[in-house]
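Engineer: Questions regarding the structure given below will be posed in turn.
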Amino acid sequence: MQSSATVLVYSDDANTRAQVRLAAGRRPATDVPPVEFVECATLPAVLKRLDEGGIDVCVLDGEAVPAGGMGVCRQIKDEVFHCPPVLLLIGRPQDAWLATWSRADAAVTLPVEPVEFAASLAALLRSRLSLDA
């Protein structure tokens, strides 16, 4: 198992980024490595950080402004070679079809529910790390 996993968290709202960090904790499951967070508040910062590489999973806020996480997800799935899996934060369960349109790998609703979020993040980390092994 690698020593740590890097999770990019995109939201224009610092409180949403804090919810993600708190819900994931230091290690979202015992069978995945500890996580390190990279926080981004703007689309250019997300694209720059993805270009640098080393991101294992992206958590994108579908309610972010001006660039919502759903559009960002679709864009990076088209533009980033070997795009990391994306966990999309959606405003309501009825928006799940939009998460599908954006090609997100998983979606959870806001506000972040810690058990559901940690389980979804851990599943995406497992899939990413098993592909990289």
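Each chain in the structure tokens gets a letter, A, B and so on, in the order shown; residues start at 1 in every chain, and ligands are counted from 1 in the order they appear.
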Stretch 31-77 of chain A: which residues are alpha helix (DSSP H) by DSSP, as a PyMOL selection string?
Structural biologist: chain A and resi 43-52+69-77
Engineer: Store the residues picked out above in a file with N, CA and C atoms, as a short mmCIF file (atom, residue, chain, number, x, y, z; two decimals), in the first residue's frame.
Structural biologist:
```
data_model
loop_
_atom_site.label_atom_id
_atom_site.label_comp_id
_atom_site.auth_asym_id
_atom_site.auth_seq_id
_atom_site.Cartn_x
_atom_site.Cartn_y
_atom_site.Cartn_z
N LEU A 43 -11.50 27.25 -10.71
CA LEU A 43 -11.24 26.31 -11.80
C LEU A 43 -9.80 26.36 -12.28
N PRO A 44 -9.20 27.54 -12.49
CA PRO A 44 -7.79 27.54 -12.92
C PRO A 44 -6.87 26.81 -11.95
N ALA A 45 -7.13 26.93 -10.65
CA ALA A 45 -6.31 26.23 -9.66
C ALA A 45 -6.48 24.71 -9.79
N VAL A 46 -7.70 24.25 -10.05
CA VAL A 46 -7.96 22.82 -10.24
C VAL A 46 -7.18 22.30 -11.45
N LEU A 47 -7.30 23.01 -12.56
CA LEU A 47 -6.64 22.56 -13.79
C LEU A 47 -5.12 22.56 -13.64
N LYS A 48 -4.58 23.58 -12.98
CA LYS A 48 -3.13 23.65 -12.75
C LYS A 48 -2.67 22.47 -11.91
N ARG A 49 -3.40 22.19 -10.84
CA ARG A 49 -3.00 21.10 -9.93
C ARG A 49 -3.12 19.74 -10.61
N LEU A 50 -4.15 19.55 -11.44
CA LEU A 50 -4.28 18.29 -12.16
C LEU A 50 -3.17 18.12 -13.19
N ASP A 51 -2.75 19.22 -13.82
CA ASP A 51 -1.63 19.17 -14.76
C ASP A 51 -0.34 18.75 -14.08
N GLU A 52 -0.17 19.13 -12.83
CA GLU A 52 1.03 18.77 -12.08
C GLU A 52 1.06 17.28 -11.75
N GLY A 69 -19.14 22.23 -10.02
CA GLY A 69 -18.40 20.97 -10.06
C GLY A 69 -18.85 20.02 -11.15
N MET A 70 -20.12 20.09 -11.57
CA MET A 70 -20.59 19.19 -12.63
C MET A 70 -19.93 19.53 -13.96
N GLY A 71 -19.88 20.81 -14.28
CA GLY A 71 -19.21 21.23 -15.51
C GLY A 71 -17.72 20.99 -15.45
N VAL A 72 -17.13 21.22 -14.28
CA VAL A 72 -15.70 20.97 -14.10
C VAL A 72 -15.40 19.49 -14.29
N CYS A 73 -16.26 18.64 -13.73
CA CYS A 73 -16.08 17.20 -13.87
C CYS A 73 -16.09 16.80 -15.33
N ARG A 74 -17.08 17.24 -16.06
CA ARG A 74 -17.17 16.90 -17.48
C ARG A 74 -15.95 17.39 -18.24
N GLN A 75 -15.50 18.60 -17.92
CA GLN A 75 -14.34 19.16 -18.59
C GLN A 75 -13.08 18.34 -18.31
N ILE A 76 -12.83 18.00 -17.05
CA ILE A 76 -11.59 17.26 -16.77
C ILE A 76 -11.65 15.83 -17.30
N LYS A 77 -12.84 15.24 -17.34
CA LYS A 77 -12.97 13.90 -17.92
C LYS A 77 -12.60 13.92 -19.40
#
```
Engineer: Which residues come within 7 Å of A:Glu36, counting only C-alpha atoms, excluding same-chain residues fewer than 2 positions away, as a PDB file with N, CA, C and O atoms, in the first residue's frame?
Structural biologist:
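Output file out-v9.pdb follows:
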```pdb
ATOM      1  N   SER A   4       0.563   7.419   1.197  1.00  0.00           N
ATOM      2  CA  SER A   4      -0.568   8.335   1.346  1.00  0.00           C
ATOM      3  C   SER A   4      -1.256   8.514  -0.001  1.00  0.00           C
ATOM      4  O   SER A   4      -0.695   8.194  -1.049  1.00  0.00           O
ATOM      5  N   ALA A   5      -2.473   9.033   0.045  1.00  0.00           N
ATOM      6  CA  ALA A   5      -3.244   9.324  -1.160  1.00  0.00           C
ATOM      7  C   ALA A   5      -3.551  10.817  -1.153  1.00  0.00           C
ATOM      8  O   ALA A   5      -3.779  11.403  -0.101  1.00  0.00           O
ATOM      9  N   THR A   6      -3.566  11.410  -2.338  1.00  0.00           N
ATOM     10  CA  THR A   6      -3.816  12.842  -2.450  1.00  0.00           C
ATOM     11  C   THR A   6      -5.212  13.073  -3.007  1.00  0.00           C
ATOM     12  O   THR A   6      -5.554  12.549  -4.069  1.00  0.00           O
ATOM     13  N   VAL A   7      -6.004  13.845  -2.282  1.00  0.00           N
ATOM     14  CA  VAL A   7      -7.379  14.145  -2.652  1.00  0.00           C
ATOM     15  C   VAL A   7      -7.500  15.638  -2.925  1.00  0.00           C
ATOM     16  O   VAL A   7      -7.217  16.455  -2.042  1.00  0.00           O
ATOM     17  N   PRO A  34      -3.581   6.801   4.403  1.00  0.00           N
ATOM     18  CA  PRO A  34      -3.997   8.113   4.903  1.00  0.00           C
ATOM     19  C   PRO A  34      -4.101   9.101   3.735  1.00  0.00           C
ATOM     20  O   PRO A  34      -3.407   8.949   2.724  1.00  0.00           O
ATOM     21  N   VAL A  38      -5.552  18.592  -1.050  1.00  0.00           N
ATOM     22  CA  VAL A  38      -5.155  19.770  -1.805  1.00  0.00           C
ATOM     23  C   VAL A  38      -6.448  20.528  -2.049  1.00  0.00           C
ATOM     24  O   VAL A  38      -7.368  19.989  -2.667  1.00  0.00           O
TER      25      VAL A  38
END
```
Engineer: Restricting the calculation to only C-alpha atoms, which member of A:Asn15, A:Thr109, A:Ser120, A:Ser127 is positioned closest to A:Pro28?
Structural biologist: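 Smallest separation from A:Pro28 among the options: A:Ser120.
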Engineer: Restricting the calculation to only C-alpha atoms, which member of A:Gly62, A:Ser3, A:Val112, A:Ala122 is positioned closest to A:Ala96?
Structural biologist: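 Closest residue, counting only C-alpha atoms: A:Gly62.
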Engineer: Can you list, as a list in words, every protein, DNA or RNA residue that comes within 6 Å of A:Val59 when you count only C-alpha atoms, leaving out same-chain residues fewer than 3 positions away?
Structural biologist: Val9, Val86, Leu87 and Leu88 of chain A
